[in-house]
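Peer 1: Mind having a look at this structure? Questions to follow.
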4 protein chains.
Amino acid sequence: MDLNADLGEGFGIWALGDDAALLDVITSANVACGFHAGDPSIMRRVCVAASDRAVRVGAQVGYRDLAGFGRRRIDYAFDELRDDVLYQIAALGGFCAVAGTRVSYVKPHGALYNTAARDLDIARVVARAVGEVDPTLRLVGLGGSRLLEAGREVGLGVAAEAFADRRYAPDGSLAPRALERAVIRDAGEAADQAVCIVCEHEVLAFDGTRVAVVADTLCIHGDTDGAVAIAAAVRRRLEQGGVVVSRL
Amino acid sequence: MDLNADLGEGFGIWALGDDAALLDVITSANVACGFHAGDPSIMRRVCVAASDRAVRVGAQVGYRDLAGFGRRRIDYAFDELRDDVLYQIAALGGFCAVAGTRVSYVKPHGALYNTAARDLDIARVVARAVGEVDPTLRLVGLGGSRLLEAGREVGLGVAAEAFADRRYAPDGSLAPRALERAVIRDAGEAADQAVCIVCEHEVLAFDGTRVAVVADTLCIHGDTDGAVAIAAAVRRRLEQGGVVVSRL
Amino acid sequence: MDLNADLGEGFGIWALGDDAALLDVITSANVACGFHAGDPSIMRRVCVAASDRAVRVGAQVGYRDLAGFGRRRIDYAFDELRDDVLYQIAALGGFCAVAGTRVSYVKPHGALYNTAARDLDIARVVARAVGEVDPTLRLVGLGGSRLLEAGREVGLGVAAEAFADRRYAPDGSLAPRALERAVIRDAGEAADQAVCIVCEHEVLAFDGTRVAVVADTLCIHGDTDGAVAIAAAVRRRLEQGGVVVSRL
Amino acid sequence: MDLNADLGEGFGIWALGDDAALLDVITSANVACGFHAGDPSIMRRVCVAASDRAVRVGAQVGYRDLAGFGRRRIDYAFDELRDDVLYQIAALGGFCAVAGTRVSYVKPHGALYNTAARDLDIARVVARAVGEVDPTLRLVGLGGSRLLEAGREVGLGVAAEAFADRRYAPDGSLAPRALERAVIRDAGEAADQAVCIVCEHEVLAFDGTRVAVVADTLCIHGDTDGAVAIAAAVRRRLEQGGVVVSRL
């Protein structure tokens, strides 16, 4: 099982999350590319550190919205979205090359992640942009999402993602952040959910329903308090359960 | 002789210069990469158009300063400058690949061009960043500048640039823009200067002094009024004089 | 009848529209405030020029989106929208004071204009932000829109706007820009529509239907080709018809 | 004696410093205005909190450089600088009014602070911009700096600032940050220096020289580790020494 987390989400003087600590736990780093977070110097630093630890690098692409951290949906024209996505992946590729690694996958961030999960037109724009850059790039998205469907259409490899630290709705979608308890902050609980997803292929929704979940990779959020502790607990519990944690 | 011009210097709704017309005259396009001008959709458009016309693409890298169009010197830390330069080149590379071409050279823009011409430390930062991305990239700068010196140190191919439409000072530097007549706006005069540079390897400075000038490429400014007419006149006069205009 | 146009929509080196020429025709200038267009030096220049000609100044507030010129809807949180609107009005106020005038009204721009026309919650956020800054500010929006409704709720003076150069749909809304002929580019036609709106209080929709239109102010778009000619034709025809063109 | 600190220096999702804790110790809040740090929602929050605690609000104006946090010198044209400064002060004024307070003073930030301390031309541009907005605004700068000289020329009230937590050079300037020990991180040491400045009107430079220092206000840096502890220690020690800590 692969463990991924968002890294390099600072900007200039501002830091976010503990990149170094997370890199010791995860196997895939979703590196912000400068449009909603991240700047060139941060990108280099994270790529070098990830490469040193044999952690896979993915492009965490988002809307051009530093003020909103990419969490506000923006009604891009399709061509603008395609070009913004391509730009970000290519820029990250430069730092990967310098660090002796490569971009292995693309994972949309924030509002783009959610929109591309539901809207097939937008999912296709993202998938085609990824394919244009490099058809061997893998596309990472929510299991069962339109994004993965679009990725398959385009001929990309896809990876279904599930969440150790987010509560699910009975229909298999993520509970909206507005909901209390949407985010699991207890490391033990998150580890339990991880094991449940990986070994039972299901998860308990917030109403107690059992929901089937397919996961090629588990996402750990890096910007919550205790993110590192959660990530470490998830990894430990998985390994105790005999699951091999390794990059996709 | 190579003819280069700055292209893709719009941003969003804002246009600057007549890219399409210039592409029919020049042999090398310095494409803005989004930090001082240019955006992903413009970059794609220019790369595709340049590739269609067999015009060579170069990265026009600049300070992160849309409000100042990269014309204000910014006291970057060396590492920041290195990373901003690398980011821009890599991003442009993505659009070149899509357009079936590649980044062939790098030419700093505006205040970075001037600073790297005079300051060897900064010139070295730029040259090393270029070499990091791809040691086969050529570095374009003012003839006799520190930038070319740094490029040679690093082992890059370099190209000395001269200006058909800018007046020279007796010491071989460009007359400051603040000076009246610093910019040559008459197409005939610019063409005369071009021929003088290419065939006589010298130029008349604003005080009448003859100054030796080495040029591997001639720059035409795209954002002045009549830029296209000037470019066309320069090319015509050179070709009438038996000079082969072709990309470097 | 008041004539308004969008002014100060350049940014840095980039210009848009012919501000000086429009200022000789219009009576109200919607000045961009730096979030989707406009920068401090442009704002000062336009405020001074408007004040010199006794043209009223309004704040053209928009989403923070230079790359999209404020034309892309962004899902702001209400508090963010309130604060971004307030910031822009206050900043413009500084330049108005220096120019010996004041902000007289607020008119949302682009996607915010359209969203606030239809969505009462967002309309209320804008209206309240305007009232917070100065309850004597007038709110300008599409006649019959939610924005004007929200403005009245909050106790603001409102002004209904109609368009001389945009085609209407049978329901009184504007024909979407995607539609061919959505924008009227012929000065005579625009002048006819202006007279029809002002004197007959109605307009011919694109399907020939007569639609009732209330207008306290007519908008002229400044960024279309021939904007100045259209504005001048509208004003001339109105004055020939005995309409007094004067600021609200 | 007045105690001032930089507040509101986050941006979007990114936080910097502990604004709430500092507000309980200081008497003057230098609020970032959105060009190098700060955003509209942060500005409102800080203005409201400062007003609630009767802490005076000042505009912390800086270069337009989020990526560099305003710490990189930018060669602005004078008019651009004037207009950027005015814009920032005016925008902050909007939030002060909403919070029931006003902008009381202006203090340049980072590279602009340092440049305006040494360069009289730039100091005059800043001082005049401040005077244009409101001639009753006070200008805060390093004691003995060109900025205060320019402020007096323009007829502004000025306040000389000294630093409890920065080491001085023998000539009365601040030791450059590059120097080890440039920043005093020990609360006791900072408190000692504060008492020395306020009561003895002098400070020990890093080489042991006694340097005369005039101070109307003491600056506490909010973004260093332990900033709150330092601020509290300084205030406590001053009050134990019989100094009345109150806003200017």
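Residue numbers start at 1 in each chain; chains themselves are named A, B, ... in the order of the structure tokens; ligands are numbered from 1 in the order shown.
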Pull out every residue of chain C that has at least one atom within 6 Å of chain A, counting only C-alpha atoms, and report them as a PyMOL selection string.
Peer 2: chain C and resi 72-75
Peer 1: Would you put the residues from that selection into a file with N, CA and C atoms, as a CSV table (one decimal), in the first residue's frame?
Peer 2:
chain,number,residue,atom,x,y,z
C,72,ARG,N,-14.0,35.0,-14.2
C,72,ARG,CA,-14.2,33.6,-13.8
C,72,ARG,C,-14.9,33.7,-12.4
C,73,ARG,N,-16.0,33.0,-12.3
C,73,ARG,CA,-16.6,32.9,-11.0
C,73,ARG,C,-15.7,32.2,-10.0
C,74,ILE,N,-15.5,32.7,-8.8
C,74,ILE,CA,-14.8,32.1,-7.8
C,74,ILE,C,-15.7,31.9,-6.5
C,75,ASP,N,-15.6,30.7,-6.0
C,75,ASP,CA,-16.5,30.4,-4.8
C,75,ASP,C,-15.9,30.9,-3.5
Peer 1: So that I can see what lies close to Phe78 of chain B, please list as a list in words the residues with an atom at most 10 Å from it, counting only C-alpha atoms and leaving out residues fewer than 6 positions away in the same chain.
Peer 2: Asp84, Asp121, Ile122, Arg124, Val125 and Val126 of chain B
Peer 1: Please write the residues from the selection above to a file, keeping all heavy atoms, as a JSON list (two decimals), in the first residue's frame.
Peer 2:
[["chain", "number", "residue", "atom", "x", "y", "z"],
["B", 84, "ASP", "N", 13.96, 30.45, -9.30],
["B", 84, "ASP", "CA", 12.97, 31.12, -10.15],
["B", 84, "ASP", "C", 13.34, 30.96, -11.63],
["B", 84, "ASP", "O", 12.46, 30.78, -12.48],
["B", 84, "ASP", "CB", 12.86, 32.62, -9.80],
["B", 84, "ASP", "CG", 11.91, 32.87, -8.63],
["B", 84, "ASP", "OD1", 11.58, 31.91, -7.90],
["B", 84, "ASP", "OD2", 11.49, 34.03, -8.45],
["B", 121, "ASP", "N", 28.50, 37.85, -10.12],
["B", 121, "ASP", "CA", 27.89, 36.89, -9.20],
["B", 121, "ASP", "C", 26.50, 36.50, -9.67],
["B", 121, "ASP", "O", 26.13, 35.31, -9.66],
["B", 121, "ASP", "CB", 27.81, 37.49, -7.79],
["B", 121, "ASP", "CG", 29.18, 37.59, -7.13],
["B", 121, "ASP", "OD1", 30.05, 36.76, -7.46],
["B", 121, "ASP", "OD2", 29.39, 38.51, -6.32],
["B", 122, "ILE", "N", 25.74, 37.50, -10.04],
["B", 122, "ILE", "CA", 24.38, 37.22, -10.49],
["B", 122, "ILE", "C", 24.41, 36.50, -11.84],
["B", 122, "ILE", "O", 23.64, 35.58, -12.10],
["B", 122, "ILE", "CB", 23.57, 38.53, -10.51],
["B", 122, "ILE", "CG1", 23.30, 38.95, -9.07],
["B", 122, "ILE", "CG2", 22.28, 38.37, -11.31],
["B", 122, "ILE", "CD1", 22.71, 40.32, -8.90],
["B", 124, "ARG", "N", 26.57, 34.45, -12.78],
["B", 124, "ARG", "CA", 26.90, 33.04, -12.52],
["B", 124, "ARG", "C", 25.69, 32.27, -12.02],
["B", 124, "ARG", "O", 25.51, 31.10, -12.34],
["B", 124, "ARG", "CB", 28.02, 32.95, -11.47],
["B", 124, "ARG", "CG", 29.39, 33.22, -12.06],
["B", 124, "ARG", "CD", 30.43, 33.33, -10.97],
["B", 124, "ARG", "NE", 31.77, 33.41, -11.56],
["B", 124, "ARG", "CZ", 32.80, 34.02, -10.98],
["B", 124, "ARG", "NH1", 32.64, 34.61, -9.79],
["B", 124, "ARG", "NH2", 33.96, 34.06, -11.57],
["B", 125, "VAL", "N", 24.88, 32.91, -11.19],
["B", 125, "VAL", "CA", 23.68, 32.23, -10.70],
["B", 125, "VAL", "C", 22.78, 31.86, -11.88],
["B", 125, "VAL", "O", 22.29, 30.72, -11.99],
["B", 125, "VAL", "CB", 22.91, 33.14, -9.72],
["B", 125, "VAL", "CG1", 21.55, 32.54, -9.39],
["B", 125, "VAL", "CG2", 23.72, 33.37, -8.45],
["B", 126, "VAL", "N", 22.60, 32.81, -12.79],
["B", 126, "VAL", "CA", 21.75, 32.55, -13.96],
["B", 126, "VAL", "C", 22.37, 31.45, -14.82],
["B", 126, "VAL", "O", 21.70, 30.49, -15.21],
["B", 126, "VAL", "CB", 21.55, 33.84, -14.78],
["B", 126, "VAL", "CG1", 20.82, 33.54, -16.09],
["B", 126, "VAL", "CG2", 20.80, 34.88, -13.96]]
Peer 1: Calculate how many Å separate atom CA of Gly8 of chain C from atom CA of Phe69 of chain B, rounding to one decimal.
Peer 2: 17.6 Å
Peer 1: So how many Å separate atom CA of Ala29 of chain A and atom CA of Ala90 of chain B, to one decimal?
Peer 2: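 For atom CA of Ala29 of chain A relative to atom CA of Ala90 of chain B, the distance reads 19.7 Å.
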Peer 1: Would you pick out the contacts of Arg138 of chain D at 7 Å or less, using only C-alpha atoms, so that residues sharing its chain but fewer than 4 positions from it are not included, and give the list as a list of chain:residue names?
Peer 2: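 The residues satisfying every condition are D:Ser104, D:Tyr105, D:Val106, D:Leu156, D:Gly157, D:Val158, D:Ala159.
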Peer 1: Given the selection you just returned, output its residues as a file containing N, CA, C and O atoms, formatted as a PDB file, in the first residue's frame.
Peer 2:
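Generated output (selection.pdb):
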ATOM      1  N   SER D 104      -3.179  55.503  12.643  1.00  0.00           N
ATOM      2  CA  SER D 104      -2.527  56.580  13.394  1.00  0.00           C
ATOM      3  C   SER D 104      -1.138  56.908  12.866  1.00  0.00           C
ATOM      4  O   SER D 104      -0.663  58.019  13.052  1.00  0.00           O
ATOM      5  N   TYR D 105      -0.509  55.914  12.269  1.00  0.00           N
ATOM      6  CA  TYR D 105       0.866  56.144  11.828  1.00  0.00           C
ATOM      7  C   TYR D 105       1.208  55.193  10.693  1.00  0.00           C
ATOM      8  O   TYR D 105       0.431  54.270  10.380  1.00  0.00           O
ATOM      9  N   VAL D 106       2.350  55.437  10.092  1.00  0.00           N
ATOM     10  CA  VAL D 106       2.832  54.595   8.997  1.00  0.00           C
ATOM     11  C   VAL D 106       4.262  54.181   9.299  1.00  0.00           C
ATOM     12  O   VAL D 106       5.075  55.012   9.706  1.00  0.00           O
ATOM     13  N   LEU D 156       5.289  66.240   8.843  1.00  0.00           N
ATOM     14  CA  LEU D 156       4.641  65.156   9.592  1.00  0.00           C
ATOM     15  C   LEU D 156       5.210  65.066  10.997  1.00  0.00           C
ATOM     16  O   LEU D 156       6.376  65.395  11.227  1.00  0.00           O
ATOM     17  N   GLY D 157       4.396  64.576  11.914  1.00  0.00           N
ATOM     18  CA  GLY D 157       4.938  64.148  13.186  1.00  0.00           C
ATOM     19  C   GLY D 157       5.740  62.877  12.972  1.00  0.00           C
ATOM     20  O   GLY D 157       5.368  62.043  12.150  1.00  0.00           O
ATOM     21  N   VAL D 158       6.866  62.739  13.657  1.00  0.00           N
ATOM     22  CA  VAL D 158       7.666  61.527  13.479  1.00  0.00           C
ATOM     23  C   VAL D 158       7.902  60.873  14.831  1.00  0.00           C
ATOM     24  O   VAL D 158       7.814  61.523  15.875  1.00  0.00           O
ATOM     25  N   ALA D 159       8.180  59.576  14.785  1.00  0.00           N
ATOM     26  CA  ALA D 159       8.515  58.844  16.001  1.00  0.00           C
ATOM     27  C   ALA D 159       9.763  58.015  15.735  1.00  0.00           C
ATOM     28  O   ALA D 159       9.800  57.222  14.791  1.00  0.00           O
TER      29      ALA D 159
END
Peer 1: Which residues are near Arg56 of chain C? Cut-off 7 Å, only C-alpha atoms, ignore same chain within fewer than 2 positions. Put them as a list of chain:residue names.
Peer 2: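 The filter keeps C:Thr27, C:Ser28, C:Ala29, C:Ala50, C:Ala54, C:Gly58, C:Ser104, C:Arg247.
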Peer 1: Have a look at atom CA of Glu239 of chain A and atom CA of Val213 of chain A and let me know their distance in Å, one decimal.
Peer 2: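 Atom CA of Glu239 of chain A sits 19.7 Å away from atom CA of Val213 of chain A.
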Peer 1: Applying 10 Å and only C-alpha atoms, which residues near Glu149 of chain D remain after dropping the ones on its own chain fewer than 5 positions away? List them as an MDAnalysis selection string.
Peer 2: chainID D and resid 117 120 123:124 127 141 143:144 154:156 158
Peer 1: Would you save the residues from that selection as a tab-separated table (two decimals), in the first residue's frame, using N, CA, C and O atoms?
Peer 2:
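Printed below is selection.tsv as written:
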chain	number	residue	atom	x	y	z
D	117	ALA	N	15.54	54.46	5.24
D	117	ALA	CA	16.37	54.95	6.34
D	117	ALA	C	17.64	55.62	5.81
D	117	ALA	O	18.16	56.55	6.42
D	120	LEU	N	17.56	59.50	1.02
D	120	LEU	CA	16.65	60.62	1.29
D	120	LEU	C	15.60	60.78	0.20
D	120	LEU	O	14.45	61.15	0.49
D	123	ALA	N	13.01	58.25	0.95
D	123	ALA	CA	12.37	58.67	2.19
D	123	ALA	C	11.35	59.77	1.92
D	123	ALA	O	10.24	59.78	2.47
D	124	ARG	N	11.70	60.70	1.04
D	124	ARG	CA	10.78	61.79	0.72
D	124	ARG	C	9.54	61.29	-0.01
D	124	ARG	O	8.44	61.79	0.21
D	127	ALA	N	7.38	59.81	2.67
D	127	ALA	CA	6.84	60.84	3.56
D	127	ALA	C	5.75	61.65	2.87
D	127	ALA	O	4.70	61.96	3.46
D	141	GLY	N	10.12	55.54	12.08
D	141	GLY	CA	11.33	55.04	11.44
D	141	GLY	C	12.46	54.97	12.44
D	141	GLY	O	12.33	55.41	13.59
D	143	GLY	N	15.51	55.74	14.56
D	143	GLY	CA	16.02	57.00	15.10
D	143	GLY	C	17.23	57.46	14.28
D	143	GLY	O	18.09	56.66	13.97
D	144	GLY	N	17.26	58.74	13.91
D	144	GLY	CA	18.38	59.26	13.15
D	144	GLY	C	18.34	58.96	11.67
D	144	GLY	O	19.28	59.29	10.93
D	154	VAL	N	8.41	67.35	5.48
D	154	VAL	CA	7.06	67.37	4.93
D	154	VAL	C	6.06	67.89	5.96
D	154	VAL	O	4.90	68.16	5.65
D	155	GLY	N	6.50	68.03	7.20
D	155	GLY	CA	5.61	68.55	8.23
D	155	GLY	C	4.85	67.48	8.99
D	155	GLY	O	3.88	67.78	9.69
D	156	LEU	N	5.29	66.24	8.84
D	156	LEU	CA	4.64	65.16	9.59
D	156	LEU	C	5.21	65.07	11.00
D	156	LEU	O	6.38	65.39	11.23
D	158	VAL	N	6.87	62.74	13.66
D	158	VAL	CA	7.67	61.53	13.48
D	158	VAL	C	7.90	60.87	14.83
D	158	VAL	O	7.81	61.52	15.87
Peer 1: Please run DSSP on the backbone and report, as a PyMOL selection string, all residues within segment 5-237 of chain D that come out as strand (DSSP E).
Peer 2: chain D and resi 5-7+28-32+56-61+103-108+138-142+157-163+202-204+210-212+217-220
Peer 1: As JSON, numbers by chain, please: every residue in segment 75-193 of chain D that DSSP puts in alpha helix (DSSP H).
Peer 2: {"D": [78, 79, 80, 81, 82, 83, 84, 85, 86, 87, 88, 89, 90, 91, 92, 93, 94, 95, 96, 97, 98, 110, 111, 112, 113, 114, 115, 116, 117, 118, 120, 121, 122, 123, 124, 125, 126, 127, 128, 129, 130, 131, 132, 133, 146, 147, 148, 149, 150, 151, 152, 153, 154, 187, 188, 189, 190, 191, 192, 193]}
